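Text of work-v1.txt, listed as compact mmCIF, C-alpha atoms and all ligand atoms:
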```
# COMPACT_ATOMS: atom_id res chain seq x y z
CA MET A 12 5.07 -30.45 115.83
CA THR A 13 4.11 -28.19 112.94
CA ALA A 14 3.55 -30.01 109.68
CA ARG A 15 5.41 -28.87 106.58
CA LYS A 16 3.62 -27.55 103.56
CA ALA A 17 3.66 -29.86 100.54
CA SER A 18 5.58 -27.18 98.59
CA ASN A 19 8.60 -27.78 100.79
CA ARG A 20 8.95 -31.28 99.42
CA ASP A 21 11.61 -30.46 96.89
CA GLN A 22 15.11 -31.76 96.40
CA SER A 23 16.74 -29.64 99.13
CA PRO A 24 19.17 -31.55 101.33
CA GLY A 25 17.29 -33.03 104.27
CA VAL A 26 13.84 -33.21 102.66
CA ASN A 27 13.96 -36.94 102.03
CA ALA A 28 15.19 -37.63 105.55
CA LEU A 29 12.30 -35.60 107.00
CA ALA A 30 9.81 -37.54 104.88
CA ALA A 31 11.35 -40.88 105.92
CA LEU A 32 11.10 -39.83 109.57
CA GLU A 33 7.45 -38.83 109.19
CA ARG A 34 6.67 -42.32 107.82
CA ASN A 35 7.98 -43.64 111.14
CA ALA A 36 6.33 -41.08 113.41
CA ASN A 37 5.04 -43.90 115.65
CA LEU A 38 8.61 -44.48 116.90
CA LEU A 39 8.76 -41.09 118.60
CA ARG A 40 7.69 -41.24 122.23
CA GLY A 41 7.69 -38.77 125.14
CA ARG A 42 10.09 -35.84 125.13
CA THR A 43 11.83 -35.68 121.81
CA GLY A 44 14.88 -34.06 120.29
CA LEU A 45 16.04 -33.53 116.72
CA LEU A 46 19.79 -33.38 116.19
CA GLY A 47 21.36 -32.07 112.97
CA LEU A 48 18.27 -30.62 111.33
CA SER A 49 19.49 -28.93 108.12
CA LEU A 50 16.17 -27.30 107.15
CA PRO A 51 14.11 -24.75 109.10
CA VAL A 52 11.17 -27.14 109.06
CA LEU A 53 9.78 -29.31 111.84
CA PRO A 54 8.69 -32.80 110.84
CA ALA A 55 5.04 -33.74 111.44
CA VAL A 56 5.73 -36.17 114.29
CA PRO A 57 4.33 -36.35 117.83
CA SER A 58 6.07 -34.84 120.84
CA ALA A 59 4.90 -34.61 124.47
CA ALA A 60 6.39 -31.11 124.70
CA PRO A 61 7.95 -28.70 122.20
CA PRO A 62 10.91 -30.68 120.86
CA LEU A 63 14.51 -29.71 121.45
CA VAL A 64 16.11 -28.92 118.10
CA ILE A 65 19.91 -28.96 118.00
CA THR A 66 21.32 -27.51 114.82
CA GLU A 67 24.77 -26.37 113.77
CA HIS A 68 23.35 -24.02 111.10
CA ALA A 69 22.83 -20.41 112.24
CA GLY A 70 20.17 -19.77 109.57
CA VAL A 71 18.12 -22.81 110.57
CA ALA A 72 18.44 -21.86 114.25
CA SER A 73 17.22 -18.30 113.76
CA ALA A 74 14.37 -19.30 111.41
CA LEU A 75 13.11 -21.91 113.89
CA GLU A 76 13.40 -19.49 116.81
CA HIS A 77 11.31 -17.04 114.84
CA GLN A 78 8.78 -19.69 113.84
CA GLY A 79 8.37 -21.13 117.38
CA GLY A 80 6.98 -24.55 118.33
CA CYS A 81 10.33 -25.89 119.53
CA ARG A 82 13.29 -25.10 121.76
CA VAL A 83 16.34 -24.27 119.64
CA GLN A 84 19.95 -24.96 120.51
CA PHE A 85 22.59 -23.60 118.12
CA GLY A 86 25.66 -25.82 118.41
CA TYR A 87 26.62 -28.54 120.82
CA GLN A 88 27.15 -26.77 124.14
CA LEU A 89 23.91 -27.59 125.99
CA PRO A 90 22.92 -26.60 129.51
CA GLU A 91 23.61 -29.30 132.12
CA ALA A 92 19.85 -29.38 132.83
CA ASP A 93 19.34 -31.13 129.48
CA ARG A 94 21.28 -34.18 130.65
CA ARG A 95 19.06 -37.29 130.57
CA SER A 96 16.05 -35.22 129.60
CA LEU A 97 14.90 -36.89 126.36
CA ASP A 98 13.00 -40.11 125.67
CA THR A 99 13.66 -40.09 121.92
CA LEU A 100 16.40 -38.39 119.92
CA VAL A 101 16.48 -38.30 116.13
CA ILE A 102 19.91 -37.89 114.51
CA PHE A 103 20.01 -36.74 110.89
CA VAL A 104 23.20 -38.25 109.48
CA PRO A 105 25.99 -35.67 109.26
CA LYS A 106 28.49 -35.51 106.41
CA ALA A 107 31.56 -36.36 108.51
CA ARG A 108 32.02 -39.64 110.32
CA GLU A 109 33.67 -37.96 113.34
CA ALA A 110 30.71 -35.59 113.61
CA LEU A 111 28.46 -38.62 114.11
CA THR A 112 30.82 -39.94 116.80
CA MET A 113 30.41 -36.61 118.62
CA GLN A 114 26.63 -36.61 118.10
CA LEU A 115 26.30 -40.15 119.46
CA ALA A 116 28.25 -39.10 122.56
CA LEU A 117 25.85 -36.18 122.94
CA ALA A 118 22.90 -38.53 122.45
CA SER A 119 24.14 -40.76 125.31
CA HIS A 120 24.27 -37.64 127.46
CA LEU A 121 20.78 -36.38 126.53
CA LEU A 122 18.76 -39.60 126.56
CA VAL A 123 17.22 -41.19 129.64
CA GLU A 124 18.11 -44.81 130.36
CA GLN A 125 16.49 -46.97 127.67
CA GLY A 126 15.80 -43.85 125.61
CA LEU A 127 15.64 -44.39 121.86
CA VAL A 128 17.95 -42.98 119.24
CA ILE A 129 16.64 -42.86 115.67
CA LEU A 130 19.24 -42.47 112.93
CA VAL A 131 17.98 -41.32 109.55
CA GLY A 132 19.74 -40.33 106.35
CA GLU A 133 20.07 -40.81 102.63
CA LYS A 134 22.29 -43.44 101.03
CA ARG A 135 24.34 -40.74 99.33
CA GLU A 136 24.77 -39.02 102.70
CA GLY A 137 26.42 -42.19 104.00
CA ILE A 138 23.67 -43.81 106.07
CA ALA A 139 25.20 -47.28 105.56
CA GLY A 140 28.51 -46.29 107.17
CA ALA A 141 26.69 -44.31 109.84
CA ALA A 142 24.60 -47.38 110.70
CA ARG A 143 27.80 -49.42 111.13
CA GLN A 144 29.05 -46.75 113.54
CA LEU A 145 25.79 -47.01 115.47
CA GLN A 146 26.00 -50.81 115.58
CA ALA A 147 29.55 -50.63 116.95
CA LEU A 148 28.13 -48.72 119.91
CA ALA A 149 24.80 -50.55 120.19
CA PRO A 150 25.04 -54.05 118.60
CA ALA A 151 21.25 -54.52 118.81
CA ALA A 152 20.63 -51.51 116.51
CA GLU A 153 18.17 -52.38 113.76
CA LYS A 154 17.03 -51.02 110.44
CA VAL A 155 13.30 -50.31 110.66
CA ASP A 156 12.60 -48.72 107.28
CA SER A 157 13.99 -47.90 103.83
CA ALA A 158 12.21 -45.18 101.85
CA ARG A 159 12.83 -41.96 99.92
CA HIS A 160 16.45 -43.08 99.28
CA CYS A 161 16.85 -43.16 103.07
CA GLN A 162 17.25 -45.72 105.81
CA VAL A 163 15.85 -45.42 109.32
CA TRP A 164 17.67 -47.16 112.18
CA THR A 165 16.88 -47.37 115.88
CA ALA A 166 19.02 -48.25 118.90
CA ARG A 167 19.26 -47.90 122.63
CA LEU A 168 22.60 -46.42 123.61
CA PRO A 169 24.53 -47.02 126.80
CA VAL A 170 23.94 -44.03 129.11
CA ALA A 171 27.02 -41.80 129.40
CA GLU A 172 28.74 -41.75 132.78
CA GLU A 173 30.42 -38.42 132.05
CA SER A 174 28.83 -35.11 131.07
CA PHE A 175 29.19 -34.05 127.45
CA ASP A 176 31.41 -31.00 127.09
CA VAL A 177 31.98 -29.65 123.60
CA ARG A 178 35.39 -28.27 124.60
CA GLN A 179 36.67 -31.83 124.95
CA TRP A 180 36.18 -32.29 121.22
CA VAL A 181 38.52 -29.45 120.23
CA ARG A 182 41.85 -30.55 118.71
CA TRP A 183 44.76 -28.28 117.87
CA HIS A 184 47.06 -28.34 114.88
CA ASP A 185 49.62 -25.97 113.43
CA VAL A 186 49.38 -24.71 109.88
CA ALA A 187 52.07 -22.77 108.04
CA CYS A 188 52.00 -20.81 104.80
CA ALA A 189 54.58 -18.49 103.24
CA GLY A 190 56.70 -18.75 106.40
CA THR A 191 53.98 -17.80 108.91
CA GLN A 192 52.59 -20.41 111.31
CA VAL A 193 49.41 -20.33 113.41
CA ALA A 194 47.71 -22.77 115.78
CA VAL A 195 44.23 -23.70 114.57
CA ALA A 196 41.39 -25.27 116.55
CA GLY A 197 39.52 -28.13 114.91
CA MET A 198 36.40 -30.07 115.75
CA PRO A 199 34.36 -32.86 114.13
CA GLY A 200 32.44 -31.59 111.13
CA ILE A 201 34.43 -28.42 110.57
CA PHE A 202 35.91 -27.58 107.16
CA SER A 203 39.42 -28.91 106.48
CA ASP A 204 39.93 -30.22 110.00
CA GLY A 205 43.58 -30.85 110.85
CA ARG A 206 45.11 -29.37 107.70
CA LEU A 207 45.40 -26.20 105.66
CA ASP A 208 43.03 -26.30 102.69
CA GLU A 209 44.81 -25.99 99.36
CA GLY A 210 42.55 -23.14 98.22
CA THR A 211 43.13 -21.27 101.48
CA ALA A 212 46.89 -21.72 100.99
CA ARG A 213 46.68 -20.16 97.50
CA LEU A 214 44.76 -17.21 98.99
CA LEU A 215 47.30 -16.74 101.82
CA GLU A 216 50.18 -16.80 99.33
CA THR A 217 48.67 -13.86 97.45
CA LEU A 218 48.06 -12.07 100.76
CA ALA A 219 51.75 -12.50 101.63
CA GLU A 220 52.75 -11.07 98.28
CA ILE A 221 50.14 -8.30 97.96
CA PRO A 222 49.00 -7.34 101.47
CA VAL A 223 45.52 -5.97 102.13
CA ARG A 224 44.46 -2.94 104.15
CA GLY A 225 42.18 -2.97 107.21
CA PRO A 226 39.56 -3.09 108.46
CA VAL A 227 39.22 -6.66 107.19
CA LEU A 228 36.34 -9.14 107.15
CA ASP A 229 36.84 -12.87 106.53
CA PHE A 230 33.56 -14.19 105.14
CA ALA A 231 32.97 -17.93 105.72
CA CYS A 232 35.86 -17.92 108.18
CA GLY A 233 35.75 -21.60 109.18
CA ALA A 234 38.21 -22.19 112.03
CA GLY A 235 39.57 -18.66 111.71
CA VAL A 236 42.79 -19.58 109.95
CA ILE A 237 42.85 -16.58 107.54
CA GLY A 238 42.23 -13.94 110.23
CA ALA A 239 44.78 -15.47 112.62
CA TRP A 240 47.36 -15.85 109.84
CA LEU A 241 46.91 -12.24 108.61
CA GLN A 242 47.38 -10.86 112.11
CA SER A 243 50.42 -13.04 112.82
CA ARG A 244 52.01 -12.06 109.52
CA PHE A 245 51.31 -8.33 109.52
CA ALA A 246 51.76 -6.50 112.82
CA ASP A 247 49.76 -3.52 111.49
CA CYS A 248 46.87 -5.58 110.09
CA GLY A 249 44.38 -4.68 112.85
CA PRO A 250 41.47 -6.90 113.85
CA VAL A 251 39.87 -9.23 111.31
CA ASP A 252 36.17 -9.91 111.83
CA GLY A 253 34.87 -13.35 110.83
CA VAL A 254 31.46 -14.65 109.79
CA ASP A 255 30.39 -18.28 109.50
CA VAL A 256 27.12 -20.18 109.49
CA GLN A 257 28.35 -23.28 111.30
CA ALA A 258 28.42 -23.60 115.10
CA GLN A 259 31.69 -25.55 115.17
CA ALA A 260 33.33 -22.91 112.94
CA VAL A 261 32.20 -20.05 115.16
CA PHE A 262 33.39 -21.91 118.27
CA CYS A 263 36.76 -22.88 116.77
CA ALA A 264 37.42 -19.48 115.16
CA ARG A 265 37.04 -17.85 118.58
CA GLN A 266 39.47 -20.40 120.09
CA THR A 267 41.93 -19.92 117.22
CA TYR A 268 41.85 -16.13 117.59
CA ASP A 269 42.34 -16.33 121.37
CA ARG A 270 45.26 -18.80 121.10
CA ASN A 271 47.00 -16.59 118.50
CA ARG A 272 46.14 -13.33 120.30
CA ALA A 273 44.24 -12.20 117.22
CA GLY A 274 41.55 -9.51 117.43
CA GLY A 275 38.13 -9.35 115.78
CA ARG A 276 34.51 -10.36 116.25
CA ILE A 277 33.33 -13.80 115.18
CA VAL A 278 29.71 -13.66 114.09
CA ALA A 279 27.33 -16.58 113.51
CA SER A 280 25.29 -15.81 110.41
CA ASP A 281 23.83 -17.37 107.28
CA GLY A 282 25.36 -15.03 104.71
CA LEU A 283 26.41 -11.44 105.35
CA PRO A 284 24.48 -9.96 108.27
CA GLU A 285 22.91 -6.55 107.52
CA GLU A 286 24.37 -4.99 110.65
CA LEU A 287 28.00 -5.61 109.66
CA GLY A 288 29.88 -2.40 109.09
CA LEU A 289 32.01 -1.29 106.16
CA TYR A 290 35.34 -2.93 105.42
CA GLN A 291 38.33 -1.88 103.40
CA THR A 292 38.94 -5.53 102.54
CA ILE A 293 36.80 -8.65 102.46
CA VAL A 294 38.69 -11.92 102.05
CA THR A 295 37.01 -15.24 101.50
CA ASN A 296 37.33 -18.88 100.63
CA PRO A 297 33.57 -19.22 100.21
CA PRO A 298 31.41 -22.35 100.46
CA PHE A 299 30.38 -24.38 97.47
CA HIS A 300 28.70 -27.32 99.17
CA SER A 301 25.40 -27.81 100.89
CA GLY A 302 25.56 -31.17 102.64
CA VAL A 303 27.03 -33.55 100.07
CA ARG A 304 25.86 -31.56 97.03
CA THR A 305 27.72 -28.87 95.09
CA ASP A 306 25.86 -25.62 95.66
CA THR A 307 27.16 -22.20 94.66
CA SER A 308 24.01 -20.31 95.62
CA MET A 309 25.39 -19.07 98.98
CA THR A 310 28.43 -17.58 97.25
CA GLU A 311 26.34 -16.07 94.47
CA THR A 312 24.15 -14.37 97.10
CA PHE A 313 27.29 -13.19 98.89
CA LEU A 314 28.66 -11.66 95.66
CA ARG A 315 25.39 -9.81 95.05
CA GLN A 316 25.46 -8.36 98.59
CA VAL A 317 29.14 -7.83 99.34
CA ARG A 318 29.41 -4.41 97.71
CA ARG A 319 27.33 -2.76 100.42
CA HIS A 320 29.90 -3.87 103.03
CA LEU A 321 32.92 -2.57 101.11
CA GLN A 322 34.22 0.95 101.54
CA PRO A 323 34.52 2.92 98.28
CA GLY A 324 37.71 1.63 96.70
CA GLY A 325 37.60 -1.39 99.03
CA GLU A 326 38.91 -4.79 97.91
CA LEU A 327 37.40 -8.24 97.56
CA ARG A 328 39.95 -11.09 97.52
CA LEU A 329 38.36 -14.46 96.82
CA VAL A 330 39.69 -17.95 96.13
CA ALA A 331 37.58 -20.58 94.41
CA ASN A 332 37.85 -23.80 92.51
CA ARG A 333 38.80 -22.89 89.00
CA PHE A 334 35.68 -24.37 87.46
CA LEU A 335 33.31 -22.17 89.50
CA PRO A 336 31.80 -19.31 87.48
CA TYR A 337 32.43 -16.31 89.73
CA ARG A 338 34.40 -13.93 87.51
CA GLU A 339 31.40 -12.43 85.74
CA LEU A 340 29.45 -12.07 88.96
CA ILE A 341 32.36 -10.27 90.59
CA ARG A 342 32.67 -7.96 87.61
CA ALA A 343 28.93 -7.27 87.58
CA HIS A 344 28.51 -6.62 91.30
CA ILE A 345 31.85 -5.26 92.52
CA GLY A 346 34.05 -3.99 89.70
CA PRO A 347 36.84 -4.98 87.29
CA CYS A 348 38.19 -8.37 88.29
CA GLU A 349 41.84 -9.50 88.13
CA VAL A 350 43.23 -13.00 88.49
CA LEU A 351 46.10 -12.84 91.02
CA SER A 352 46.98 -16.50 90.83
CA GLU A 353 45.74 -19.58 89.06
CA ASP A 354 46.81 -23.20 89.06
CA ARG A 355 45.24 -26.45 87.94
CA ARG A 356 42.62 -26.28 90.69
CA PHE A 357 42.26 -22.78 92.15
CA THR A 358 41.89 -19.19 91.05
CA VAL A 359 42.42 -16.18 93.33
CA TYR A 360 40.40 -13.13 92.24
CA GLN A 361 40.88 -9.52 93.22
CA ALA A 362 38.33 -6.76 92.61
CA PHE A 363 37.90 -3.24 93.91
CA ARG A 364 34.63 -1.45 94.52
CA GLU A 365 34.58 1.23 91.85
CA LYS A 366 34.42 4.95 92.53
CA THR A 367 32.70 7.46 90.29
CA ALA A 368 34.77 10.07 88.39
CA ARG A 369 34.16 12.45 91.33
CA GLY A 370 35.56 9.91 93.75
CA ARG A 371 32.17 8.80 95.03
CA ALA A 372 31.22 5.13 95.05
CA ARG A 373 29.02 4.02 92.22
C1 LIG B 401 35.55 -23.40 102.02
S1 LIG B 401 35.21 -23.21 103.74
C2 LIG B 401 36.42 -21.99 104.18
C3 LIG B 401 36.75 -21.95 105.67
C4 LIG B 401 37.95 -21.08 106.04
N1 LIG B 401 37.80 -19.74 105.58
C5 LIG B 401 39.23 -21.69 105.49
O1 LIG B 401 39.74 -21.13 104.53
O2 LIG B 401 39.68 -22.69 106.03
C6 LIG B 401 33.70 -22.38 103.68
C7 LIG B 401 33.02 -22.03 105.01
O3 LIG B 401 31.79 -21.42 104.67
C8 LIG B 401 30.87 -21.66 105.70
N2 LIG B 401 29.53 -21.39 105.17
C9 LIG B 401 28.74 -22.20 104.41
N3 LIG B 401 27.59 -21.60 104.11
C10 LIG B 401 27.64 -20.37 104.68
C11 LIG B 401 26.73 -19.28 104.74
N4 LIG B 401 25.55 -19.35 104.15
N5 LIG B 401 27.09 -18.16 105.44
C12 LIG B 401 28.29 -18.10 106.06
N6 LIG B 401 29.20 -19.12 106.05
C13 LIG B 401 28.89 -20.23 105.36
C14 LIG B 401 31.15 -23.11 106.06
O4 LIG B 401 30.67 -23.39 107.37
C15 LIG B 401 32.68 -23.17 105.95
O5 LIG B 401 33.28 -22.94 107.20
```

Re-express the file's structure as structure tokens.
Amino acid sequence: MTARKASNRDQSPGVNALAALERNANLLRGRTGLLGLSLPVLPAVPSAAPPLVITEHAGVASALEHQGGCRVQFGYQLPEADRRSLDTLVIFVPKAREALTMQLALASHLLVEQGLVILVGEKREGIAGAARQLQALAPAAEKVDSARHCQVWTARLPVAEESFDVRQWVRWHDVACAGTQVAVAGMPGIFSDGRLDEGTARLLETLAEIPVRGPVLDFACGAGVIGAWLQSRFADCGPVDGVDVQAQAVFCARQTYDRNRAGGRIVASDGLPEELGLYQTIVTNPPFHSGVRTDTSMTETFLRQVRRHLQPGGELRLVANRFLPYRELIRAHIGPCEVLSEDRRFTVYQAFREKTARGRAR
């Protein structure tokens, strides 16, 4: 596999885990797979053939596809031909416990009999709990290294009798806000699985009170709750397109829209894709985490770019934790910014793309 440049060894999430894996490169044998890679970087470890990289991050998937040297799978729905095709599978510890349960089930499906699973992750990412999960499945699992704040564990999993099908991991729940209820698909690892996020609820309340005009885009749409709710609430809303970086979100948003007979495209993208059209309204409960760390950079980039996807006079409606410093950015990049609602935890902002005195957009 292609070695990383030394300059990539910074504090980005996933860097330590890659380094810990490279220290244990001798464990990787035969056909290999990497599950849950959060950086567009292949570790310098041996592989008999280009490794299979399974990632839930659309940006990582497209960067690796562009770079080459591996076979990329975005999300968890793999072709049946991949069943029992790997000798070694590395799992980078995910944030959510249930996501690891799903990944271990996928590992049992992908590995040949006596194939090796390698679990690697940082302490602050929860490697200790993840290792206990692994041991529950494979009691002979052992810790083989501790380095770079990470642990490396190996195990041989029982081979799965049944095929892995990502659809079996979808769970449904109803959420209601301001008197409108929608069915929402959930899946391990997705944002706010099984419940309506408090920030999203604050945003929906303002949407009930001060409706928006279409066409609408929901940036960072998660399971599609905002788009489905808007279309259930307002018969004349029209389709609501959604964008999200995460494979489970894209999958669930499509399911949520279909179940609620909602219209709109769901696009997998890291940030706003260039080819998106112009919208009268962009609504968002944007991300502020990268792995387990607080990270507002994705939202700051979004705020710098969003103007070019708003029609002149178009509206941005955004909810964020109160402590996050978005007001000035909104004012600088979109236009005058109002606070529509604020409580102890959340602020809902509204801003309109300004027009010039002659009615043209600035
Ligand atoms: C706070 S959640 C909101 C989800 C949904 N809108 C809701 O209200 O339930 C933020 C979402 O942003 C997505 N996300 C994170 N980084 C992103 C990026 N760079 N581009 C697009 N979406 C991103 C996450 O996958 C997550 O679904």

Separation of CA of Phe357 (chain A) from CA of Phe202 (chain A) in Å: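 The value is 17.0 Å.
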
Non-local contacts of region 272-276 of chain A (7 Å; all atoms listed in the file; under 5 positions in same chain excluded) as JSON, numbers by chain: {"A": [239, 242, 250, 251, 252, 253]}

Region 183-199 of chain A environment, 7 Å, all atoms listed in the file, sequence neighbours closer than 4 positions dropped, as a CSV table (one decimal) with C-alpha atoms, keeping the file's coordinate frame:
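Here's the written file out-v8.csv:
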```
chain,number,residue,atom,x,y,z
A,109,GLU,CA,33.7,-38.0,113.3
A,110,ALA,CA,30.7,-35.6,113.6
A,204,ASP,CA,39.9,-30.2,110.0
A,205,GLY,CA,43.6,-30.8,110.8
A,206,ARG,CA,45.1,-29.4,107.7
A,207,LEU,CA,45.4,-26.2,105.7
A,212,ALA,CA,46.9,-21.7,101.0
A,215,LEU,CA,47.3,-16.7,101.8
A,216,GLU,CA,50.2,-16.8,99.3
A,219,ALA,CA,51.8,-12.5,101.6
A,234,ALA,CA,38.2,-22.2,112.0
A,236,VAL,CA,42.8,-19.6,110.0
A,239,ALA,CA,44.8,-15.5,112.6
A,240,TRP,CA,47.4,-15.8,109.8
A,244,ARG,CA,52.0,-12.1,109.5
A,259,GLN,CA,31.7,-25.6,115.2
A,263,CYS,CA,36.8,-22.9,116.8
A,266,GLN,CA,39.5,-20.4,120.1
A,267,THR,CA,41.9,-19.9,117.2
A,271,ASN,CA,47.0,-16.6,118.5
```

Residue among A:Leu97, A:Cys232, A:Leu241, A:Val227 lying closest to Leu327 (chain A), counting all atoms listed in the file: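 Using all atoms listed in the file, the shortest distance to Leu327 (chain A) belongs to A:Val227.
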
From A:Pro284, A:Gly210, A:Pro90, A:Pro336, residue lying nearest Arg355 (chain A) [only C-alpha atoms]: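 With only C-alpha atoms as the atom set, the closest residue is A:Gly210.
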
Between atom C12 of ligand LIG 401 (chain B) and CA of Met309 (chain A), distance in Å (one decimal):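 Computed distance, atom C12 of ligand LIG 401 (chain B) to CA of Met309 (chain A), equals 7.7 Å.
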
Length of the CA of Val254 (chain A) to CA of Cys81 (chain A) vector [Å]: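 These atoms are spaced 25.8 Å apart.
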
Point (37.3, -23.4, 90.4) neighbourhood (9 Å, all atoms listed in the file) written as a VMD selection string: chain A and resid 330 to 337 355 to 358

10 Å contact set for Leu329 (chain A), only C-alpha atoms, chain neighbours under 6 positions out, as a ChimeraX atom specification: /A:210-211,214,229-230,293-297,337,341,350-351,358-362

Option closest in space to Val64 (chain A), from A:Arg178, A:Arg42, A:Arg159, A:Arg82 [counting all atoms listed in the file]: A:Arg82

Find the axis-aligned box for region 314-320 of chain A, covering all its listed atoms and adding 3 Å on each side, and write its centre and edge lengths in Å to one decimal as lines of an AutoDock Vina configuration file.
```
center_x = 27.6
center_y = -7.2
center_z = 99.0
size_x = 10.5
size_y = 14.9
size_z = 14.0
```
